[in-house]
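Enquirer: Contents of structure06.cif (mmCIF, C-alpha atoms and all ligand atoms):
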```cif
data_my_file
loop_
_atom_site.label_atom_id
_atom_site.label_comp_id
_atom_site.auth_asym_id
_atom_site.auth_seq_id
_atom_site.Cartn_x
_atom_site.Cartn_y
_atom_site.Cartn_z
CA MET A 1 -44.52 78.87 -30.41
CA ARG A 2 -46.58 79.14 -27.26
CA PHE A 3 -46.41 76.17 -24.89
CA VAL A 4 -48.44 75.53 -21.76
CA SER A 5 -46.66 73.28 -19.22
CA ILE A 6 -48.91 71.65 -16.63
CA VAL A 7 -47.53 70.45 -13.28
CA GLY A 8 -48.87 69.90 -9.77
CA ALA A 9 -46.85 67.41 -7.72
CA ARG A 10 -43.29 67.33 -6.35
CA PRO A 11 -41.60 65.14 -9.00
CA GLN A 12 -43.18 67.23 -11.77
CA PHE A 13 -41.51 70.41 -10.60
CA ILE A 14 -38.15 68.66 -10.90
CA LYS A 15 -39.01 67.35 -14.38
CA LEU A 16 -40.22 70.79 -15.45
CA ALA A 17 -37.01 72.58 -14.42
CA PRO A 18 -34.72 71.56 -17.32
CA VAL A 19 -37.52 71.53 -19.90
CA SER A 20 -38.64 75.02 -18.97
CA GLN A 21 -35.05 76.26 -19.07
CA ALA A 22 -34.48 74.87 -22.58
CA LEU A 23 -37.93 75.82 -23.87
CA ARG A 24 -37.68 79.47 -22.90
CA ARG A 25 -34.57 79.98 -25.01
CA GLU A 26 -36.68 79.61 -28.15
CA HIS A 27 -40.35 79.67 -27.27
CA GLU A 28 -42.97 81.21 -25.02
CA GLU A 29 -43.95 79.12 -22.00
CA ILE A 30 -46.90 79.48 -19.66
CA ILE A 31 -46.85 77.35 -16.51
CA ILE A 32 -50.01 76.01 -14.88
CA HIS A 33 -49.62 74.65 -11.33
CA THR A 34 -52.73 72.68 -10.45
CA GLY A 35 -52.09 73.03 -6.71
CA GLN A 36 -52.12 69.24 -6.16
CA HIS A 37 -49.12 69.72 -3.85
CA TYR A 38 -49.17 72.95 -1.89
CA ASP A 39 -47.04 72.71 1.31
CA TYR A 40 -43.90 74.84 1.04
CA ARG A 41 -41.72 71.73 1.37
CA MET A 42 -43.64 69.88 -1.37
CA SER A 43 -43.90 72.73 -3.85
CA ALA A 44 -42.51 76.29 -3.53
CA GLN A 45 -39.08 75.20 -2.31
CA PHE A 46 -38.51 73.31 -5.60
CA PHE A 47 -39.37 76.39 -7.66
CA GLU A 48 -36.91 78.43 -5.57
CA GLU A 49 -34.08 75.91 -5.49
CA LEU A 50 -34.27 75.01 -9.18
CA SER A 51 -35.00 78.59 -10.34
CA ILE A 52 -38.21 77.54 -12.06
CA PRO A 53 -40.24 80.57 -13.15
CA SER A 54 -43.28 81.17 -10.92
CA PRO A 55 -46.43 79.58 -12.29
CA ASP A 56 -48.59 81.92 -14.37
CA TYR A 57 -51.65 80.17 -12.95
CA ASN A 58 -52.09 78.36 -9.64
CA LEU A 59 -55.40 76.53 -9.72
CA GLU A 60 -55.24 75.74 -5.97
CA VAL A 61 -57.08 72.45 -6.42
CA GLY A 62 -55.55 70.88 -3.29
CA SER A 63 -56.16 67.38 -1.96
CA GLY A 64 -59.19 65.12 -2.38
CA PRO A 65 -60.39 61.76 -3.67
CA HIS A 66 -59.19 60.95 -7.20
CA GLY A 67 -62.38 61.76 -9.11
CA GLU A 68 -63.03 64.98 -7.25
CA GLN A 69 -59.43 66.19 -7.44
CA THR A 70 -59.04 65.31 -11.13
CA GLY A 71 -62.45 66.78 -11.96
CA ARG A 72 -61.65 70.10 -10.31
CA MET A 73 -58.37 70.24 -12.23
CA LEU A 74 -60.07 69.41 -15.52
CA ALA A 75 -62.56 72.26 -15.23
CA ALA A 76 -59.95 74.81 -14.16
CA ILE A 77 -57.33 73.76 -16.76
CA GLU A 78 -59.95 73.98 -19.52
CA GLN A 79 -60.61 77.64 -18.68
CA VAL A 80 -56.92 78.52 -18.89
CA LEU A 81 -56.36 76.60 -22.13
CA LEU A 82 -59.35 78.33 -23.75
CA GLN A 83 -57.85 81.64 -22.80
CA GLU A 84 -54.23 80.91 -23.77
CA ARG A 85 -54.78 78.72 -26.87
CA PRO A 86 -51.24 77.28 -26.92
CA ALA A 87 -49.66 75.48 -29.87
CA TRP A 88 -48.69 72.62 -27.52
CA VAL A 89 -49.58 71.38 -24.04
CA LEU A 90 -46.78 69.67 -22.12
CA VAL A 91 -47.59 67.18 -19.38
CA PHE A 92 -45.10 65.33 -17.17
CA GLY A 93 -45.06 61.89 -15.57
CA ASP A 94 -48.16 60.16 -14.27
CA THR A 95 -50.02 62.06 -11.56
CA ASN A 96 -53.64 63.21 -11.51
CA SER A 97 -52.35 66.59 -12.74
CA THR A 98 -50.88 64.80 -15.81
CA LEU A 99 -54.17 63.08 -16.58
CA ALA A 100 -56.29 66.21 -16.12
CA GLY A 101 -53.93 68.27 -18.27
CA ALA A 102 -53.90 65.75 -21.11
CA LEU A 103 -57.66 65.23 -21.05
CA ALA A 104 -58.54 68.93 -20.92
CA ALA A 105 -56.20 69.66 -23.83
CA ALA A 106 -57.26 66.72 -25.99
CA LYS A 107 -60.95 67.67 -25.66
CA LEU A 108 -60.08 71.14 -26.92
CA HIS A 109 -58.15 69.59 -29.84
CA LEU A 110 -54.89 70.99 -28.55
CA PRO A 111 -51.92 68.67 -29.17
CA VAL A 112 -50.41 67.09 -26.06
CA ALA A 113 -46.74 66.18 -25.60
CA HIS A 114 -46.01 63.70 -22.81
CA VAL A 115 -42.66 63.93 -21.05
CA GLU A 116 -41.85 60.50 -19.53
CA ALA A 117 -44.10 58.57 -21.89
CA GLY A 118 -44.37 54.79 -22.12
CA LEU A 119 -43.70 53.77 -18.53
CA ARG A 120 -45.67 50.77 -17.34
CA SER A 121 -45.80 48.82 -14.08
CA PHE A 122 -48.54 46.50 -15.40
CA ASN A 123 -50.30 46.99 -12.07
CA ARG A 124 -53.61 48.77 -12.58
CA GLU A 125 -54.16 49.11 -8.84
CA MET A 126 -51.64 51.95 -8.99
CA PRO A 127 -53.43 55.21 -9.80
CA GLU A 128 -50.35 56.24 -11.82
CA GLU A 129 -50.74 53.27 -14.21
CA ILE A 130 -54.21 54.45 -15.24
CA ASN A 131 -52.94 58.01 -15.61
CA ARG A 132 -50.03 56.93 -17.81
CA ILE A 133 -52.04 54.72 -20.13
CA VAL A 134 -54.73 57.33 -20.71
CA THR A 135 -52.21 60.16 -21.11
CA ASP A 136 -50.13 58.21 -23.64
CA HIS A 137 -53.21 57.43 -25.70
CA LEU A 138 -54.28 61.09 -25.69
CA SER A 139 -50.86 62.45 -26.62
CA THR A 140 -49.48 63.40 -30.04
CA ARG A 141 -45.84 63.46 -29.00
CA HIS A 142 -44.27 60.88 -26.69
CA PHE A 143 -40.89 61.60 -25.12
CA CYS A 144 -39.66 58.29 -23.71
CA PRO A 145 -36.96 58.18 -21.03
CA THR A 146 -35.86 54.66 -21.99
CA GLU A 147 -35.94 52.18 -24.86
CA THR A 148 -38.13 49.93 -22.67
CA ALA A 149 -40.75 52.69 -22.57
CA ARG A 150 -40.74 52.93 -26.36
CA VAL A 151 -41.36 49.19 -26.65
CA HIS A 152 -44.33 49.47 -24.25
CA LEU A 153 -45.89 52.11 -26.50
CA GLU A 154 -45.26 50.04 -29.61
CA ARG A 155 -47.09 47.09 -28.02
CA GLU A 156 -50.08 49.37 -27.49
CA GLY A 157 -49.99 50.47 -31.13
CA ILE A 158 -48.39 53.86 -30.48
CA THR A 159 -45.56 54.31 -32.97
CA ARG A 160 -46.01 57.83 -34.36
CA GLY A 161 -44.50 60.84 -32.60
CA VAL A 162 -42.39 58.62 -30.34
CA GLU A 163 -38.83 59.58 -29.45
CA VAL A 164 -36.42 58.11 -26.88
CA VAL A 165 -34.78 61.24 -25.48
CA GLY A 166 -33.51 59.99 -22.10
CA ASP A 167 -34.66 61.03 -18.67
CA VAL A 168 -35.13 64.72 -17.87
CA MET A 169 -34.42 63.99 -14.19
CA TYR A 170 -30.90 63.00 -15.21
CA ASP A 171 -30.45 66.46 -16.78
CA VAL A 172 -31.23 68.11 -13.43
CA LEU A 173 -29.10 65.68 -11.44
CA LEU A 174 -26.07 66.38 -13.63
CA GLN A 175 -26.54 70.12 -13.18
CA VAL A 176 -26.51 69.98 -9.38
CA ARG A 177 -24.15 67.02 -8.80
CA PRO A 178 -21.03 69.14 -8.13
CA GLU A 179 -22.82 70.78 -5.18
CA LEU A 180 -23.78 67.60 -3.37
CA GLU A 181 -20.61 66.50 -1.61
CA ALA A 182 -20.24 69.73 0.33
CA ARG A 183 -23.72 69.45 1.87
CA ILE A 184 -23.49 66.07 3.57
CA ASP A 185 -21.71 66.91 6.84
CA ARG A 186 -24.08 69.75 7.67
CA LEU A 187 -27.02 67.53 6.77
CA LEU A 188 -26.03 64.65 8.99
CA ALA A 189 -25.57 67.12 11.84
CA VAL A 190 -29.04 68.58 11.19
CA VAL A 191 -30.59 65.13 11.18
CA GLY A 192 -28.87 64.40 14.50
CA ILE A 193 -26.74 61.53 13.27
CA SER A 194 -23.35 63.12 13.50
CA GLU A 195 -21.71 66.33 14.65
CA ARG A 196 -18.42 65.32 13.15
CA MET A 197 -17.33 65.71 9.56
CA GLY A 198 -18.67 62.91 7.37
CA GLU A 199 -18.49 60.40 10.23
CA PHE A 200 -21.53 58.50 9.09
CA ALA A 201 -21.31 59.07 5.35
CA GLY A 202 -21.78 55.69 3.68
CA SER A 203 -23.17 54.00 6.79
CA TYR A 204 -26.79 55.08 7.08
CA VAL A 205 -29.92 54.14 5.19
CA LEU A 206 -32.20 56.68 3.50
CA VAL A 207 -35.91 55.85 3.25
CA THR A 208 -38.89 57.34 1.41
CA ILE A 209 -42.42 55.91 1.35
CA HIS A 210 -45.58 57.35 -0.21
CA ARG A 211 -47.27 54.72 -2.39
CA PRO A 212 -50.83 53.92 -1.27
CA ALA A 213 -50.02 50.16 -1.43
CA ASN A 214 -47.74 50.82 1.56
CA THR A 215 -49.14 53.92 3.30
CA ASP A 216 -52.78 52.88 3.21
CA ASP A 217 -52.15 49.36 4.53
CA PRO A 218 -51.35 49.27 8.28
CA ALA A 219 -49.88 45.74 7.98
CA ALA A 220 -47.50 46.92 5.24
CA MET A 221 -46.34 49.92 7.27
CA HIS A 222 -45.83 47.74 10.38
CA ALA A 223 -43.77 45.27 8.34
CA ILE A 224 -41.61 48.06 6.89
CA ALA A 225 -41.17 49.54 10.39
CA ARG A 226 -40.12 46.10 11.65
CA ALA A 227 -37.47 45.89 8.94
CA LEU A 228 -36.15 49.41 9.61
CA ASN A 229 -36.16 48.88 13.40
CA SER A 230 -34.01 45.76 12.97
CA LEU A 231 -31.28 47.47 10.91
CA GLU A 232 -28.02 48.11 12.71
CA MET A 233 -27.35 51.57 11.37
CA PRO A 234 -28.99 55.00 11.40
CA VAL A 235 -32.05 55.38 9.21
CA VAL A 236 -33.01 58.80 7.80
CA PHE A 237 -36.66 58.96 6.79
CA PRO A 238 -38.01 62.20 5.27
CA VAL A 239 -41.74 61.65 5.64
CA HIS A 240 -44.14 62.49 2.79
CA PRO A 241 -47.29 64.27 4.11
CA ARG A 242 -49.52 61.43 2.91
CA THR A 243 -47.46 58.96 4.94
CA LEU A 244 -47.44 61.23 7.99
CA HIS A 245 -51.24 61.51 7.98
CA LYS A 246 -51.78 57.78 7.47
CA MET A 247 -49.22 56.67 10.06
CA GLN A 248 -50.90 58.71 12.79
CA GLY A 249 -53.53 55.99 13.19
CA TYR A 250 -51.14 53.02 13.06
CA ASP A 251 -49.42 53.07 16.48
CA ILE A 252 -45.99 52.28 15.01
CA ARG A 253 -43.09 52.27 17.50
CA TRP A 254 -39.85 53.52 15.96
CA ALA A 255 -36.48 52.47 17.36
CA LYS A 256 -34.04 55.22 18.42
CA HIS A 257 -31.91 54.89 15.29
CA ILE A 258 -34.82 55.92 13.03
CA HIS A 259 -34.75 59.66 12.30
CA LEU A 260 -38.13 60.85 11.04
CA ILE A 261 -37.75 64.25 9.41
CA GLU A 262 -39.77 66.67 7.27
CA PRO A 263 -39.66 66.31 3.45
CA LEU A 264 -36.33 67.57 2.15
CA GLY A 265 -35.40 70.05 -0.54
CA TYR A 266 -34.09 68.56 -3.77
CA LEU A 267 -30.38 69.22 -3.22
CA ASP A 268 -30.45 67.92 0.36
CA MET A 269 -32.33 64.85 -0.80
CA LEU A 270 -29.77 64.10 -3.51
CA ALA A 271 -26.89 64.75 -1.12
CA LEU A 272 -28.35 62.29 1.41
CA GLN A 273 -28.89 59.71 -1.34
CA ARG A 274 -25.38 60.09 -2.66
CA SER A 275 -23.76 59.34 0.70
CA ALA A 276 -26.16 56.62 1.86
CA TYR A 277 -25.16 52.99 2.33
CA ARG A 278 -28.49 51.95 0.79
CA VAL A 279 -31.62 53.76 -0.38
CA LEU A 280 -35.00 52.19 0.48
CA THR A 281 -37.96 53.61 -1.41
CA ASP A 282 -41.24 53.14 -3.20
CA SER A 283 -40.68 56.32 -5.23
CA GLY A 284 -40.09 56.16 -8.97
CA GLY A 285 -37.74 59.12 -9.11
CA VAL A 286 -35.66 58.00 -6.14
CA GLN A 287 -35.01 54.53 -7.65
CA LYS A 288 -33.49 56.19 -10.70
CA GLU A 289 -31.50 58.73 -8.70
CA ALA A 290 -30.00 56.02 -6.49
CA PHE A 291 -28.82 54.23 -9.64
CA LEU A 292 -27.42 57.40 -11.19
CA LEU A 293 -25.60 58.23 -7.94
CA GLY A 294 -24.22 54.69 -7.67
CA VAL A 295 -26.05 53.67 -4.48
CA PRO A 296 -27.80 50.28 -4.31
CA CYS A 297 -31.57 50.60 -3.93
CA VAL A 298 -34.16 48.40 -2.22
CA THR A 299 -37.59 49.06 -3.69
CA LEU A 300 -40.52 48.64 -1.33
CA ARG A 301 -42.77 47.40 -4.13
CA GLU A 302 -43.29 44.12 -5.98
CA GLU A 303 -42.73 45.65 -9.42
CA THR A 304 -41.09 48.70 -10.97
CA GLU A 305 -41.33 50.80 -14.11
CA TRP A 306 -37.55 51.27 -14.00
CA THR A 307 -36.68 47.66 -14.78
CA GLU A 308 -33.20 48.60 -16.07
CA THR A 309 -32.09 49.31 -12.48
CA VAL A 310 -33.11 45.78 -11.45
CA ASP A 311 -31.65 44.10 -14.55
CA LEU A 312 -28.30 45.81 -13.94
CA GLY A 313 -28.26 44.56 -10.34
CA TRP A 314 -28.61 47.95 -8.62
CA ASN A 315 -32.18 47.60 -7.43
CA THR A 316 -33.89 44.81 -5.46
CA LEU A 317 -37.67 44.48 -5.29
CA ALA A 318 -38.58 43.57 -1.71
CA GLY A 319 -42.22 44.68 -1.43
CA HIS A 320 -43.23 45.13 2.19
CA ARG A 321 -41.85 41.77 3.28
CA TRP A 322 -39.70 42.64 6.30
CA GLN A 323 -37.17 39.81 6.00
CA ALA A 324 -36.72 40.41 2.27
CA ILE A 325 -36.08 44.09 3.00
CA VAL A 326 -33.45 43.36 5.63
CA GLU A 327 -31.73 40.75 3.44
CA ALA A 328 -31.68 43.16 0.49
CA VAL A 329 -30.13 45.93 2.61
CA TYR A 330 -27.20 43.70 3.61
CA ARG A 331 -26.68 42.19 0.14
CA ALA A 332 -23.27 43.05 -1.36
CA ALA A 333 -23.17 45.99 -3.74
CA PRO A 334 -23.04 45.03 -7.42
CA ALA A 335 -20.03 45.67 -9.63
CA PRO A 336 -19.94 49.21 -11.04
CA THR A 337 -21.54 49.59 -14.45
CA ASN A 338 -21.06 51.93 -17.40
CA ALA A 339 -24.56 51.26 -18.66
CA ALA A 340 -26.54 54.43 -19.34
CA PRO A 341 -30.18 53.39 -19.66
CA PHE A 342 -31.45 56.91 -18.89
CA GLY A 343 -29.60 58.71 -21.68
CA LYS A 344 -26.90 61.34 -21.59
CA GLY A 345 -28.49 64.11 -19.55
CA ASP A 346 -29.59 66.09 -22.61
CA ALA A 347 -33.22 65.01 -22.67
CA ALA A 348 -34.69 68.52 -22.28
CA GLU A 349 -32.60 69.89 -25.15
CA ARG A 350 -33.68 67.00 -27.34
CA ILE A 351 -37.33 67.57 -26.48
CA VAL A 352 -37.15 71.23 -27.43
CA ARG A 353 -35.17 70.49 -30.58
CA SER A 354 -37.83 68.05 -31.74
CA PHE A 355 -40.37 70.90 -31.82
CA GLY A 356 -37.98 72.96 -33.91
CA ASP A 357 -38.44 70.41 -36.71
CA GLU A 358 -41.98 71.52 -37.37
CA GLU A 359 -41.75 75.30 -37.30
C1 LIG B 1 -49.01 62.12 -5.77
C2 LIG B 1 -49.16 61.33 -7.06
C3 LIG B 1 -48.07 60.29 -7.16
C4 LIG B 1 -46.69 60.90 -6.98
C5 LIG B 1 -46.66 61.70 -5.69
C6 LIG B 1 -45.35 62.42 -5.58
C7 LIG B 1 -51.44 60.96 -7.92
C8 LIG B 1 -52.57 60.01 -8.01
N1 LIG B 1 -50.44 60.63 -7.09
O1 LIG B 1 -49.26 61.23 -4.69
O2 LIG B 1 -48.11 59.68 -8.43
O3 LIG B 1 -45.74 59.87 -6.91
O4 LIG B 1 -47.71 62.67 -5.70
O5 LIG B 1 -45.08 62.84 -4.29
O6 LIG B 1 -51.46 61.96 -8.59
N2 LIG B 1 -50.61 66.41 1.23
C9 LIG B 1 -50.25 67.44 2.07
N3 LIG B 1 -49.58 68.49 1.54
C10 LIG B 1 -49.27 68.59 0.22
C11 LIG B 1 -49.63 67.54 -0.62
C12 LIG B 1 -50.29 66.46 -0.10
O7 LIG B 1 -50.52 67.40 3.27
O8 LIG B 1 -48.64 69.59 -0.18
C13 LIG B 1 -51.28 65.23 1.81
C14 LIG B 1 -52.81 65.33 1.82
O9 LIG B 1 -53.28 64.72 2.98
C15 LIG B 1 -53.21 64.50 0.62
C16 LIG B 1 -52.13 63.43 0.60
O10 LIG B 1 -50.96 64.07 1.04
O11 LIG B 1 -54.49 63.96 0.76
C17 LIG B 1 -51.91 62.81 -0.78
O12 LIG B 1 -51.64 63.82 -1.76
P1 LIG B 1 -51.97 63.53 -3.32
O13 LIG B 1 -51.39 64.63 -4.12
O14 LIG B 1 -53.41 63.22 -3.50
O15 LIG B 1 -51.22 62.20 -3.62
P2 LIG B 1 -49.72 61.76 -3.29
O16 LIG B 1 -49.78 60.58 -2.40
O17 LIG B 1 -48.94 62.95 -2.86
N1 LIG B 2 -37.53 64.22 -3.12
C1 LIG B 2 -37.15 65.37 -2.44
N2 LIG B 2 -37.35 65.42 -1.09
C2 LIG B 2 -37.89 64.38 -0.38
C3 LIG B 2 -38.29 63.22 -1.10
C4 LIG B 2 -38.09 63.17 -2.47
O1 LIG B 2 -36.62 66.31 -3.04
O2 LIG B 2 -38.04 64.50 0.83
C5 LIG B 2 -37.30 64.16 -4.57
C6 LIG B 2 -36.53 62.96 -5.02
O3 LIG B 2 -35.13 63.16 -4.90
C7 LIG B 2 -36.99 62.82 -6.47
C8 LIG B 2 -38.43 63.26 -6.41
O4 LIG B 2 -38.56 64.03 -5.21
O5 LIG B 2 -36.29 63.71 -7.30
C9 LIG B 2 -39.33 62.06 -6.36
O6 LIG B 2 -40.61 62.44 -6.03
P1 LIG B 2 -41.62 61.48 -5.27
O7 LIG B 2 -40.89 60.38 -4.59
O8 LIG B 2 -42.51 62.35 -4.46
O9 LIG B 2 -42.53 60.93 -6.47
P2 LIG B 2 -42.36 59.78 -7.57
O10 LIG B 2 -41.04 59.94 -8.24
O11 LIG B 2 -42.54 58.47 -6.90
O12 LIG B 2 -43.50 60.04 -8.49
#
```
Once more with this new file: its structure as C-alpha cells, please.
Expert:
Amino acid sequence: MRFVSIVGARPQFIKLAPVSQALRREHEEIIIHTGQHYDYRMSAQFFEELSIPSPDYNLEVGSGPHGEQTGRMLAAIEQVLLQERPAWVLVFGDTNSTLAGALAAAKLHLPVAHVEAGLRSFNREMPEEINRIVTDHLSTRHFCPTETARVHLEREGITRGVEVVGDVMYDVLLQVRPELEARIDRLLAVVGISERMGEFAGSYVLVTIHRPANTDDPAAMHAIARALNSLEMPVVFPVHPRTLHKMQGYDIRWAKHIHLIEPLGYLDMLALQRSAYRVLTDSGGVQKEAFLLGVPCVTLREETEWTETVDLGWNTLAGHRWQAIVEAVYRAAPAPTNAAPFGKGDAAERIVRSFGDEE
C-alpha cells in the first residue's frame, strides 16, 4: 500500500524515524515535510542522525501566525495528496503540521491514521490541544501511546479503530540507548562544564523551554530564570529558537552557572538527559524521555498529558512558580519503578502490523 507520512516539527521527525523504518519493509512511503521547522539544528540533523529518508516533498511553509501557517500547509498538502492518492495518510503528534495534514486528507476522503492519538491536557489555551482534538476526530485509525489516551478517546465517543500500541519515541530511545554513555564526557567538555572525564555527570540540571505559556510571558521567563539562577549546580539549557527570539526583549540576567547553548542533536540531547541530576522542561517528549532514562523531571507547566510520569512519582508539576521549581529540583528521587506505561518499544512494528490486517 502507498502511505503518505506528514511531518514538520522537531519531535515529529523523531516519531517518524521508527515508523518509516518499519513501514518501508512492507509498503511504499512518501514523506511530506511541511517546512514548519527549517533550521539545520531543528530539522535536517534529525534526518541525518536517525537515517530518515529525505522528504519527497518539502513545502517550505516556514514560520507565521497559526492561521496563516496552517492555511499555507493545507493548500500545499492538498496538491501533493491529489497527485499521490495514497491509501493512508499518517500524521504524528499535535503540531500545526499534524492538523493541516489531517484536515487536507479528510477533505479529500483519504483515511487518516494518527500516531500519538488520544493525548489531552484539558487546557484549550495550548495550540496543541486544539490540534489533537480536531485530528483525533478526523482520523480513522488511532494509535494510542498509553491506556490513558485510549480512555480519553472513549470519553469523546471514539472507540472504533483505536489501538494502544505504546509510544514510538520509546522505540527510538531503545535503539540508541547503548550509544549514550560514551558521549557524556565529550559533551560536558563542549558545554564548558568539565574538561575531566564524567566529573559532573549526575550533578547538573538540563533545561528545555518552548511552550508559549512560558516563552511569551516575560513574568514567567523571569520567574524561571530566578529559579535557575538560584540553583547550586551547573545548568545546561539548549535554547529553542522560539525561546531565543522571545527572550531577546526580556532583559534576563543569567548567572554564571547557566550554560545557554544551541539546540542539540537527538543523541546528544538524550545523553545529557541520561546523566543529569534533574531535567526541567515544558516539552512533552522530554518528560517521557526523562522517565524512560530514570531521571526525575520537573515540568514547567501546571498540567501534563503524560500523567503516568506524575502518578509514578517521577515528574513534578511546578509551573513557572520559582520557589516550587527550586523545591522540586531538590526533592529526593523516587524509588525505582518497573512500571512500563509507554509500552515495550515495539510501537512502530505494531502500527505497521495493524495495516497488514486489512490487505
Ligand atoms: C512547534 C509546535 C509545538 C511543538 C514544537 C516542537 C505548533 C503550534 N507548535 O512549536 O507543538 O512542541 O514545535 O519544537 O505546531 N523558529 C526558527 N527556526 C525553526 C523553527 C522555528 O527560528 O527552524 C522560530 C520562529 O521564530 C518561529 C518560532 O520559532 O516563529 C516558533 O516556531 P513554530 O513552529 O511556529 O512553533 P514552535 O514554538 O516551534
Ligand atoms: N530535543 C533535541 N534537542 C534539543 C531539545 C529537544 O533533540 O535541543 C528532542 C528531545 O529529546 C525530544 C524531542 O526533541 O525527543 C522533543 O521535542 P520538543 O521538546 O521540541 O517538542 P514536544 O515534545 O514538546 O512537542
Enquirer: Give as a PyMOL selection string the residues surrounding ligand LIG 2 (chain B) up to a distance of 8 Å, considering all atoms listed in the file.
Expert: chain A and resi 9-12+14+42+46+93-95+169+208-211+238-240+262-270+273+282-286+289
Enquirer: For ligand LIG 1 (chain B), which residue out of A:Gln175, A:Gln69, A:Gln45, A:Ser5 is the nearest one, using all atoms listed in the file?
Expert: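 Closest residue, counting all atoms listed in the file: A:Gln69.
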Enquirer: Can you find the residues with an atom no farther than 12 Å from (-50.0, 57.2, 2.6), counting all atoms listed in the file, and report them as a list in words?
Expert: Thr208, Ile209, His210, Arg211, Pro212, Ala213, Asn214, Thr215, Asp216, Asp217, Pro218, Ala220, Met221, Val239, His240, Pro241, Arg242, Thr243, Leu244, His245, Lys246, Met247, Gln248, Gly249, Tyr250 and Asp282 of chain A
Enquirer: Would you save the residues from that selection as a JSON list (two decimals), in the coordinates of the input, using C-alpha atoms?
Expert:
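Final file, out-v4.json:
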```json
[["chain", "number", "residue", "atom", "x", "y", "z"],
["A", 208, "THR", "CA", -38.89, 57.34, 1.41],
["A", 209, "ILE", "CA", -42.42, 55.91, 1.35],
["A", 210, "HIS", "CA", -45.58, 57.35, -0.21],
["A", 211, "ARG", "CA", -47.27, 54.72, -2.39],
["A", 212, "PRO", "CA", -50.83, 53.92, -1.27],
["A", 213, "ALA", "CA", -50.02, 50.16, -1.43],
["A", 214, "ASN", "CA", -47.74, 50.82, 1.56],
["A", 215, "THR", "CA", -49.14, 53.92, 3.30],
["A", 216, "ASP", "CA", -52.78, 52.88, 3.21],
["A", 217, "ASP", "CA", -52.15, 49.36, 4.53],
["A", 218, "PRO", "CA", -51.35, 49.27, 8.28],
["A", 220, "ALA", "CA", -47.50, 46.92, 5.24],
["A", 221, "MET", "CA", -46.34, 49.92, 7.27],
["A", 239, "VAL", "CA", -41.74, 61.65, 5.64],
["A", 240, "HIS", "CA", -44.14, 62.49, 2.79],
["A", 241, "PRO", "CA", -47.29, 64.27, 4.11],
["A", 242, "ARG", "CA", -49.52, 61.43, 2.91],
["A", 243, "THR", "CA", -47.46, 58.96, 4.94],
["A", 244, "LEU", "CA", -47.44, 61.23, 7.99],
["A", 245, "HIS", "CA", -51.24, 61.51, 7.98],
["A", 246, "LYS", "CA", -51.78, 57.78, 7.47],
["A", 247, "MET", "CA", -49.22, 56.67, 10.06],
["A", 248, "GLN", "CA", -50.90, 58.71, 12.79],
["A", 249, "GLY", "CA", -53.53, 55.99, 13.19],
["A", 250, "TYR", "CA", -51.14, 53.02, 13.06],
["A", 282, "ASP", "CA", -41.24, 53.14, -3.20]]
```
Enquirer: Compare A:Glu128, A:Glu78, A:Glu349, A:Glu116 by their minimum atom-to-atom distance to ligand LIG 1 (chain B), counting only C-alpha atoms and all ligand atoms, and give me the closest one.
Expert: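 Going through A:Glu128, A:Glu78, A:Glu349, A:Glu116 one by one, the smallest distance to ligand LIG 1 (chain B) is for A:Glu128.
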Enquirer: Determine, counting all atoms listed in the file, which protein, DNA and RNA residues have an atom within 10 Å of an atom of Leu293 of chain A; residues of the same chain fewer than 5 positions away are not included. Present the result as a list in words.
Expert: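 My list of contacting residues is Leu173, Leu174, Arg177, Leu270, Ala271, Gln273, Arg274, Ser275, Ala276 and Lys288 of chain A.
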Enquirer: With a distance cut-off of 9 Å and only C-alpha atoms, select the neighbouring residues of Lys344 of chain A, excluding the residue or stretch itself and same-chain residues fewer than 4 positions from it, and output the selection as a list in words.
Expert: Val165, Gly166, Asp167, Tyr170, Asp171 and Ala340 of chain A
Enquirer: Would you export the selected residues with C-alpha atoms as a PDB file, in the coordinates of the input, please?
Expert:
```pdb
ATOM      1  CA  VAL A 165     -34.780  61.240 -25.480  1.00  0.00           C
ATOM      2  CA  GLY A 166     -33.510  59.990 -22.100  1.00  0.00           C
ATOM      3  CA  ASP A 167     -34.660  61.030 -18.670  1.00  0.00           C
ATOM      4  CA  TYR A 170     -30.900  63.000 -15.210  1.00  0.00           C
ATOM      5  CA  ASP A 171     -30.450  66.460 -16.780  1.00  0.00           C
ATOM      6  CA  ALA A 340     -26.540  54.430 -19.340  1.00  0.00           C
TER       7      ALA A 340
END
```
Enquirer: Please provide as a ChimeraX atom specification all residues within 12 Å of Pro53 of chain A, with the sequence filter that same-chain residues fewer than 2 positions apart are discarded (counting all atoms listed in the file).
Expert: /A:5,13,16-21,23-24,29-33,44,46-51,55-57
Enquirer: When you look at segment 317-330 of chain A with a cut-off of 10 Å (counting all atoms listed in the file), what residues show up, excluding the ones that are within fewer than 4 positions of it in the same chain? I need them as a PyMOL selection string.
Expert: chain A and resi 205+213-214+219-231+277-282+296-304+310
